[in-house]
>>> print(open('work.txt').read())   # compact mmCIF, C-alpha atoms
# COMPACT_ATOMS: atom_id res chain seq x y z
CA MET L 1 49.16 39.38 -27.55
CA ARG L 2 45.98 41.25 -26.78
CA SER L 3 44.43 40.32 -30.09
CA ALA L 4 45.21 36.63 -29.49
CA CYS L 5 43.45 36.71 -26.11
CA CYS L 6 40.43 38.42 -27.61
CA SER L 7 40.31 35.82 -30.37
CA ARG L 8 40.40 32.96 -27.87
CA LEU L 9 37.67 34.59 -25.76
CA LEU L 10 35.47 35.09 -28.81
CA SER L 11 35.90 31.50 -29.96
CA SER L 12 35.06 30.25 -26.43
CA ARG L 13 31.85 32.29 -26.42
CA ILE L 14 30.87 30.96 -29.82
CA PHE L 15 31.50 27.38 -28.69
CA ALA L 16 29.45 27.90 -25.50
CA THR L 17 26.59 29.42 -27.49
CA ARG L 18 26.52 26.47 -29.85
CA MET L 19 26.50 23.97 -26.97
CA VAL L 20 23.61 25.78 -25.26
CA LYS L 21 21.59 25.67 -28.49
CA LYS L 22 22.29 21.96 -28.97
CA LEU L 23 21.35 21.19 -25.37
CA ALA L 24 18.12 23.17 -25.67
CA ALA L 25 17.25 21.38 -28.89
CA TYR L 26 17.92 17.98 -27.30
CA GLN L 27 15.83 18.79 -24.24
CA TRP L 28 12.95 19.98 -26.43
CA SER L 29 13.16 16.82 -28.53
CA LEU L 30 13.28 14.55 -25.48
CA GLY L 31 10.42 16.39 -23.80
CA THR L 32 8.33 16.17 -26.96
CA ARG L 33 8.88 12.42 -27.27
CA LEU L 34 7.96 11.81 -23.63
CA LEU L 35 4.92 14.07 -23.89
CA CYS L 36 3.72 12.25 -26.99
CA ALA L 37 4.24 8.91 -25.28
CA TYR L 38 2.33 9.89 -22.13
CA THR L 39 -0.50 11.57 -23.98
CA ALA L 40 -0.94 8.76 -26.48
CA GLU L 41 -4.01 6.58 -26.33
CA LYS L 42 -3.92 3.60 -24.03
CA SER L 43 -2.67 0.36 -25.48
CA ALA L 44 -1.46 -3.01 -24.24
CA CYS L 45 2.09 -3.32 -22.96
CA ARG L 46 4.15 -5.67 -25.12
CA ARG L 47 5.69 -7.40 -22.10
CA CYS L 48 2.82 -7.92 -19.67
CA GLY L 49 -0.36 -7.04 -21.54
CA PHE L 50 -1.49 -4.44 -18.99
CA ALA L 51 -2.64 -0.98 -20.05
CA SER L 52 0.12 1.44 -21.11
CA ARG L 53 0.42 4.66 -23.04
CA GLY L 54 2.12 4.77 -26.40
CA VAL L 55 5.46 2.98 -26.55
CA LEU L 56 6.07 3.16 -22.79
CA PRO L 57 5.89 -0.08 -20.78
CA SER L 58 3.02 -0.43 -18.33
CA ARG L 59 3.32 0.93 -14.83
CA ARG L 60 3.57 -2.63 -13.48
CA CYS L 61 6.48 -3.46 -15.80
CA ARG L 62 8.28 -0.32 -14.71
CA GLN L 63 7.58 -1.15 -11.07
CA LYS L 64 8.84 -4.70 -11.56
CA THR L 65 12.05 -3.40 -13.14
CA LEU L 66 12.62 -1.04 -10.22
CA VAL L 67 11.92 -3.81 -7.72
CA LYS L 68 14.41 -6.13 -9.39
CA ALA L 69 17.03 -3.38 -9.48
CA SER L 70 16.50 -2.47 -5.84
CA SER L 71 16.62 -6.12 -4.72
CA ARG L 72 19.74 -6.75 -6.76
CA TYR L 73 21.69 -3.87 -5.28
CA SER L 74 20.09 -3.62 -1.84
CA SER L 75 21.96 -4.86 1.19
CA PRO L 76 20.71 -5.93 4.63
CA GLU L 77 23.16 -3.40 6.00
CA LEU L 78 21.15 -0.24 5.39
CA SER L 79 22.06 3.17 6.70
CA GLY L 80 20.00 4.42 9.61
CA ASN L 81 18.31 7.09 7.51
CA GLU L 82 17.40 4.66 4.73
CA LEU L 83 15.98 2.15 7.21
CA GLN L 84 13.88 4.85 8.86
CA ARG L 85 12.65 5.99 5.46
CA ARG L 86 11.49 2.49 4.51
CA LEU L 87 9.80 1.92 7.86
CA THR L 88 8.06 5.28 7.65
CA LYS L 89 6.90 4.53 4.11
CA ALA L 90 5.39 1.16 5.09
CA VAL L 91 3.62 2.61 8.15
CA GLY L 92 2.38 5.59 6.15
CA LEU L 93 0.87 3.39 3.44
CA ILE L 94 -0.94 1.27 6.02
CA SER L 95 -2.28 4.19 8.07
CA THR L 96 -3.52 6.12 5.01
CA ALA L 97 -4.74 3.23 2.83
CA ASP L 98 -8.38 4.26 3.32
CA LEU L 99 -7.63 7.83 2.22
CA LEU L 100 -5.66 7.12 -0.96
CA ALA L 101 -7.52 7.95 -4.17
CA PRO L 102 -5.43 6.85 -7.18
CA PHE L 103 -6.23 8.30 -10.60
CA ASP L 104 -6.53 4.84 -12.13
CA ARG L 105 -7.73 2.22 -9.66
CA SER L 106 -7.27 -0.55 -12.22
CA THR L 107 -3.49 -0.11 -12.03
CA TYR L 108 -3.25 0.37 -8.25
CA SER L 109 -3.43 -2.38 -5.65
CA ALA L 110 -3.16 -1.35 -2.00
CA PRO L 111 -2.29 -4.85 -0.65
CA LEU L 112 0.47 -5.35 -3.24
CA VAL L 113 1.92 -1.87 -2.74
CA ILE L 114 2.02 -2.45 1.02
CA TRP L 115 3.47 -5.95 0.43
CA GLN L 116 6.37 -4.45 -1.51
CA ALA L 117 6.91 -1.63 0.99
CA ILE L 118 7.23 -4.10 3.88
CA ALA L 119 9.37 -6.48 1.79
CA ASP L 120 11.80 -3.58 1.21
CA VAL L 121 12.44 -3.48 4.96
CA PRO L 122 15.15 -6.04 5.87
CA SER L 123 13.65 -9.02 7.68
CA ALA L 124 15.76 -8.36 10.78
CA HIS L 125 14.06 -4.97 11.22
CA ARG L 126 10.44 -5.72 10.25
CA SER L 127 9.44 -6.29 13.86
CA LYS L 128 9.94 -2.53 14.38
CA LEU L 129 6.67 -2.06 12.54
CA LEU L 130 4.88 -3.46 15.61
CA GLY L 131 5.95 -0.48 17.68
CA ARG L 132 4.78 2.03 15.07
CA LEU L 133 1.36 0.68 14.14
CA THR L 134 -1.69 1.50 16.25
CA SER L 135 -4.58 -0.81 17.07
CA ARG L 136 -6.63 0.93 14.38
CA ASP L 137 -3.84 0.35 11.85
CA ILE L 138 -3.90 -3.39 12.63
CA GLN L 139 -7.65 -3.55 12.11
CA ARG L 140 -7.30 -1.61 8.86
CA LEU L 141 -4.57 -3.96 7.69
CA TRP L 142 -6.92 -6.94 8.05
CA GLY L 143 -9.27 -5.44 5.47
CA ILE L 144 -6.45 -4.43 3.13
CA ALA L 145 -4.95 -7.92 3.20
CA GLY L 146 -8.32 -9.32 2.18
CA GLN L 147 -8.21 -7.35 -1.08
CA ARG L 148 -5.29 -9.50 -2.23
CA TYR L 149 -7.68 -12.35 -3.05
CA ASN L 150 -9.18 -10.22 -5.83
CA GLU L 151 -5.88 -9.75 -7.65
CA SER L 152 -5.05 -11.72 -10.78
CA LYS L 153 -2.36 -14.40 -10.78
CA GLN L 154 -0.25 -12.23 -13.06
CA GLN L 155 -0.40 -9.28 -10.67
CA LEU L 156 0.47 -11.49 -7.71
CA GLN L 157 3.41 -13.02 -9.55
CA LEU L 158 4.89 -9.60 -10.27
CA THR L 159 4.95 -8.64 -6.58
CA VAL L 160 4.85 -11.82 -4.50
CA GLY L 161 7.04 -13.89 -6.81
CA SER L 162 7.92 -17.36 -5.51
CA TYR L 163 7.34 -16.57 -1.82
CA SER L 164 5.34 -19.07 0.21
CA ILE L 165 4.17 -18.99 3.81
CA TYR L 166 6.04 -22.28 4.24
CA ASP L 167 9.28 -20.30 3.86
CA ASP L 168 8.62 -18.94 7.38
CA LEU L 169 7.42 -22.15 8.99
CA PRO L 170 9.49 -25.04 10.37
CA SER L 171 10.59 -27.69 7.90
CA ASP L 172 12.51 -29.97 10.32
CA LEU L 173 11.37 -31.69 13.49
CA ASP L 174 13.98 -29.90 15.59
CA GLN L 175 13.17 -26.47 14.19
CA VAL L 176 11.02 -23.82 15.90
CA THR L 177 10.04 -20.59 14.15
CA VAL L 178 8.90 -17.67 16.28
CA PHE L 179 6.62 -14.77 15.37
CA THR L 180 6.41 -11.73 17.61
CA GLY L 181 2.90 -10.36 17.85
CA LYS L 182 0.97 -7.28 18.83
CA ALA L 183 -2.73 -7.49 19.63
CA ALA L 184 -5.28 -4.70 19.54
CA VAL L 185 -7.73 -5.65 22.28
CA PRO L 186 -11.33 -4.39 22.18
CA LEU L 187 -10.75 -1.67 24.79
CA GLY L 188 -8.02 -0.08 22.68
CA GLY L 189 -5.13 -1.32 24.77
CA ILE L 190 -2.30 -3.28 23.21
CA PHE L 191 -0.25 -6.17 24.55
CA GLY L 192 2.57 -8.20 23.06
CA PHE L 193 3.09 -11.94 22.73
CA GLN L 194 4.83 -14.56 20.63
CA LYS L 195 3.64 -17.55 18.61
CA ALA L 196 6.16 -20.39 18.24
CA PHE L 197 5.53 -23.05 15.57
CA PHE L 198 6.86 -26.62 15.57
CA LEU L 199 6.17 -29.95 13.87
CA HIS L 200 4.57 -32.91 15.62
CA PRO L 201 7.31 -35.60 15.76
CA GLU L 202 4.90 -38.44 14.90
CA THR L 203 2.53 -36.88 12.35
CA ASP L 204 4.61 -33.98 10.93
CA GLU L 205 1.56 -31.77 11.44
CA LEU L 206 2.05 -28.11 12.30
CA TYR L 207 1.45 -27.03 15.90
CA GLY L 208 2.33 -24.01 17.97
CA ARG L 209 2.33 -22.34 21.33
CA VAL L 210 1.48 -18.84 22.50
CA ARG L 211 3.98 -17.12 24.77
CA LEU L 212 2.39 -14.25 26.66
CA GLN L 213 4.81 -11.56 27.74
CA LYS L 214 3.87 -11.78 31.41
CA GLY L 215 7.11 -13.26 32.73
CA PRO L 216 7.55 -16.79 34.14
CA LEU L 217 4.16 -16.64 35.90
CA GLY L 218 2.33 -15.92 32.65
CA SER L 219 4.11 -18.76 30.87
CA ALA L 220 3.11 -21.15 33.64
CA LEU L 221 -0.53 -20.06 33.79
CA TYR L 222 -1.10 -19.87 30.06
CA PRO L 223 0.59 -22.75 28.20
CA LEU L 224 -1.65 -22.12 25.18
CA TYR L 225 -1.20 -24.66 22.41
CA TYR L 226 -2.88 -24.79 19.01
CA LYS L 227 -2.97 -26.82 15.83
CA ALA L 228 -2.21 -24.86 12.65
CA SER L 229 -3.72 -25.38 9.21
CA VAL L 230 -2.23 -23.71 6.14
CA GLY L 231 -4.51 -23.17 3.18
CA PRO L 232 -7.57 -21.21 2.08
CA ALA L 233 -10.41 -21.19 4.60
CA ILE L 234 -13.50 -19.07 5.18
CA ILE L 235 -14.78 -17.54 8.41
CA ALA L 236 -18.29 -18.99 8.48
CA ALA L 237 -19.88 -15.97 10.14
CA THR L 238 -18.56 -13.38 7.65
CA ASP L 239 -17.49 -15.34 4.53
CA GLU L 240 -14.01 -13.77 4.78
CA LEU L 241 -11.13 -15.64 3.16
CA THR L 242 -8.01 -16.50 5.17
CA ASP L 243 -4.63 -18.19 4.63
CA VAL L 244 -3.79 -19.77 8.01
CA GLN L 245 -5.98 -21.04 10.86
CA LEU L 246 -4.91 -21.71 14.46
CA GLN L 247 -7.30 -23.96 16.41
CA TYR L 248 -7.08 -23.86 20.25
CA ASN L 249 -8.34 -26.99 21.94
CA SER L 250 -7.83 -29.17 24.97
CA PRO L 251 -4.69 -31.36 25.02
CA GLU L 252 -6.81 -34.44 24.31
CA ASN L 253 -8.33 -32.93 21.17
CA LEU L 254 -4.96 -31.60 20.05
CA CYS L 255 -3.31 -35.02 20.51
CA LEU L 256 -0.35 -33.41 22.24
CA GLN L 257 1.67 -35.15 24.92
CA PRO L 258 4.74 -33.84 26.76
CA GLN L 259 7.04 -36.05 24.65
CA HIS L 260 5.74 -34.36 21.51
CA LEU L 261 6.88 -30.90 22.60
CA PRO L 262 10.23 -29.15 22.13
CA LYS L 263 12.60 -29.52 25.04
CA ASN L 264 11.73 -27.71 28.31
CA TRP L 265 8.29 -26.61 27.10
CA PRO L 266 5.44 -26.72 29.67
CA ARG L 267 2.85 -29.46 29.66
CA PRO L 268 -0.34 -28.66 27.67
CA ARG L 269 -3.34 -27.65 29.78
CA GLU L 270 -6.91 -26.58 29.27
CA PRO L 271 -7.02 -23.00 27.93
CA LEU L 272 -7.84 -20.51 30.66
CA TYR L 273 -10.01 -17.39 30.42
CA PRO L 274 -10.25 -15.42 28.16
CA PHE L 275 -8.97 -18.09 25.77
CA SER L 276 -11.33 -20.81 26.98
CA GLY L 277 -14.63 -21.77 25.41
CA GLY L 278 -13.29 -22.40 21.92
CA LEU L 279 -11.08 -20.02 19.97
CA VAL L 280 -9.75 -19.93 16.40
CA ASP L 281 -7.22 -17.46 15.00
CA TYR L 282 -7.65 -16.67 11.30
CA CYS L 283 -4.60 -15.13 9.60
CA ARG L 284 -3.90 -13.41 6.29
CA LEU L 285 -0.56 -12.87 4.61
CA VAL L 286 0.56 -9.23 4.42
CA ALA L 287 4.19 -9.57 3.32
CA PRO L 288 7.06 -12.06 3.67
CA GLY L 289 7.10 -13.12 7.31
CA VAL L 290 4.21 -10.79 8.22
CA LEU L 291 0.63 -11.86 9.05
CA VAL L 292 -2.45 -10.07 10.27
CA GLY L 293 -5.15 -12.00 12.07
CA VAL L 294 -8.42 -11.98 13.95
CA GLY L 295 -9.45 -14.26 16.79
CA TRP L 296 -12.95 -15.74 16.77
CA LYS L 297 -14.71 -17.14 19.81
CA ALA L 298 -16.81 -20.23 19.24
CA ALA L 299 -20.54 -19.88 18.80
CA ARG L 300 -22.67 -20.12 21.92
CA PRO L 301 -25.49 -22.69 21.56
CA GLY L 302 -28.66 -20.97 20.41
CA LYS L 303 -27.21 -17.45 20.84
CA ASP L 304 -24.91 -16.48 17.97
CA VAL L 305 -22.62 -17.71 15.19
CA GLY L 306 -19.42 -16.70 16.95
CA ARG L 307 -17.90 -13.31 17.65
CA ARG L 308 -14.67 -11.45 17.04
CA PHE L 309 -12.28 -11.67 19.93
CA LEU L 310 -9.37 -9.42 18.89
CA TYR L 311 -7.18 -8.34 15.97
CA PHE L 312 -3.44 -8.94 15.96
CA MET L 313 -0.32 -8.74 13.81
CA LEU L 314 2.57 -11.21 13.60
CA VAL L 315 6.14 -10.68 12.37
CA ARG L 316 8.69 -13.46 12.23
CA THR L 317 11.66 -12.75 14.47
CA GLU L 318 13.37 -16.15 14.91
>>> encode(input="work.txt", output="structure tokens")
Amino acid sequence: MRSACCSRLLSSRIFATRMVKKLAAYQWSLGTRLLCAYTAEKSACRRCGFASRGVLPSRRCRQKTLVKASSRYSSPELSGNELQRRLTKAVGLISTADLLAPFDRSTYSAPLVIWQAIADVPSAHRSKLLGRLTSRDIQRLWGIAGQRYNESKQQLQLTVGSYSIYDDLPSDLDQVTVFTGKAAVPLGGIFGFQKAFFLHPETDELYGRVRLQKGPLGSALYPLYYKASVGPAIIAATDELTDVQLQYNSPENLCLQPQHLPKNWPRPREPLYPFSGGLVDYCRLVAPGVLVGVGWKAARPGKDVGRRFLYFMLVRTE
């Protein structure tokens, strides 16, 4: 009996020793293959043509695969910890964008990385970014968003896909889409507001209204209306590219009458200070349903070419 037990124990030890040797050999072989692949000379990826090493796909192909996998299995119903992690990641990328120093700048794009980080946050929770970003972060985001214009069409397609700003704007006459905003005013203070977009019932042109969060009195004193233009445009004073422009004008110049407005909206009036004297908001896309903008005051005759009024950020909430 004793000899049988010893025999079984010996055979078990021999089997375990053989398995450890096989596992070690496999790990060494796998590590060698990966090391050779990563240390190989740069070549073109077979799928996208971007730089890669050895037989490995490019970093963008790997990122695209991960994005597809995450979007396929992600659910709007995220756990609290996962939601906080995604929000923290997006805010961290924005606040440290100026400090990041990637090893290979040709394969790193700050605006596209931030685009994907914000897109990973469910749309119902993206407005929480407004409470976490500072006025300096909003100003920084304006510059980062401008770098997107330098990206190739192939790079944009990998991250942006088929998204269009029109996906977050009204498509029917009875539809109103609302963006909640946060403005960084020159003195460093911050105030909130909303921009509601609608279509003109006679011309189908895009218009909107600013709702200042000052209660009923603020809504009565500041019925700010604007005409929106979607498409590439340049700020004349700085040659900066933008995606959306909001032009504030008098009701006569806007061609808005009370019958053109959504139900129960206040009558258009002349813009009051500090929005009087000519104002245009220039906006850039940051992510799906997220815009960053800068307001420009009109040029004073014989004095200047216009001046920055304030920076702001918009997130679609309705």
>>> residues_around(input="work.txt", residues="Ile114 (chain L)", least_positions_apart="6", cutoff="10 Å", atoms="all atoms listed in the file", output="VMD selection string")
chain L and resid 89 to 94 97 120 141 144 to 145 286 to 287
>>> closest_residue(input="work.txt", among="L:Trp115, L:Tyr108, L:Trp265, L:Phe198", to="Ser171 (chain L)", atoms="all atoms listed in the file")
L:Phe198
>>> residues_around(input="work.txt", residues="Leu129 (chain L)", least_positions_apart="2", cutoff="9 Å", atoms="only C-alpha atoms", output="ChimeraX atom specification")
/L:87-88,90-91,118,125-127,131-133,315
>>> atom_distance(input="work.txt", atom1="CA of Asn81 (chain L)", atom2="CA of Ser123 (chain L)")
16.8 Å
>>> closest_residue(input="work.txt", among="L:Leu291, L:Leu83, L:Glu252, L:Leu246", to="Ala124 (chain L)", atoms="only C-alpha atoms")
L:Leu83
>>> closest_residue(input="work.txt", among="L:Leu169, L:Arg308, L:Leu199, L:Lys182", to="Thr238 (chain L)", atoms="all atoms listed in the file")
L:Arg308
>>> atom_distance(input="work.txt", atom1="CA of Tyr207 (chain L)", atom2="CA of Glu240 (chain L)")
23.2 Å
>>> atom_distance(input="work.txt", atom1="CA of Arg211 (chain L)", atom2="CA of Lys195 (chain L)")
6.2 Å
>>> residues_around(input="work.txt", residues="Val280 (chain L)", least_positions_apart="6", cutoff="8 Å", atoms="all atoms listed in the file", output="ChimeraX atom specification")
/L:245-248,295-298
>>> closest_residue(input="work.txt", among="L:Pro288, L:Ala196, L:Leu314, L:Asp137", to="Val160 (chain L)", atoms="only C-alpha atoms")
L:Pro288
>>> residues_near_point(input="work.txt", point="(-14.5, -19.0, 25.9)", cutoff="10 Å", atoms="only C-alpha atoms", output="number ranges by chain")
L: 271-279, 296-300, 309
>>> closest_residue(input="work.txt", among="L:Val290, L:Leu310, L:Leu241, L:Ile234", to="Val121 (chain L)", atoms="only C-alpha atoms")
L:Val290
>>> closest_residue(input="work.txt", among="L:Leu156, L:Ala184, L:Ala233, L:Leu206", to="Val294 (chain L)", atoms="only C-alpha atoms")
L:Ala184
>>> axis_aligned_box(input="work.txt", around="region 272-286 of chain L", padding_each_side="8 Å", output="lines of an AutoDock Vina configuration file")
center_x = -7.0
center_y = -15.8
center_z = 17.5
size_x = 31.2
size_y = 29.2
size_z = 42.2
>>> residues_around(input="work.txt", residues="Thr159 (chain L)", least_positions_apart="4", cutoff="8 Å", atoms="only C-alpha atoms", output="PDB file with C-alpha atoms, in the frame of the given file")
ATOM      1  CA  LYS L  64       8.840  -4.700 -11.560  1.00  0.00           C
ATOM      2  CA  LEU L 112       0.470  -5.350  -3.240  1.00  0.00           C
ATOM      3  CA  TRP L 115       3.470  -5.950   0.430  1.00  0.00           C
ATOM      4  CA  GLN L 116       6.370  -4.450  -1.510  1.00  0.00           C
ATOM      5  CA  GLN L 155      -0.400  -9.280 -10.670  1.00  0.00           C
TER       6      GLN L 155
END
>>> residues_around(input="work.txt", residues="Asp168 (chain L)", least_positions_apart="6", cutoff="8 Å", atoms="only C-alpha atoms", output="PyMOL selection string")
chain L and resi 177+288-289+316
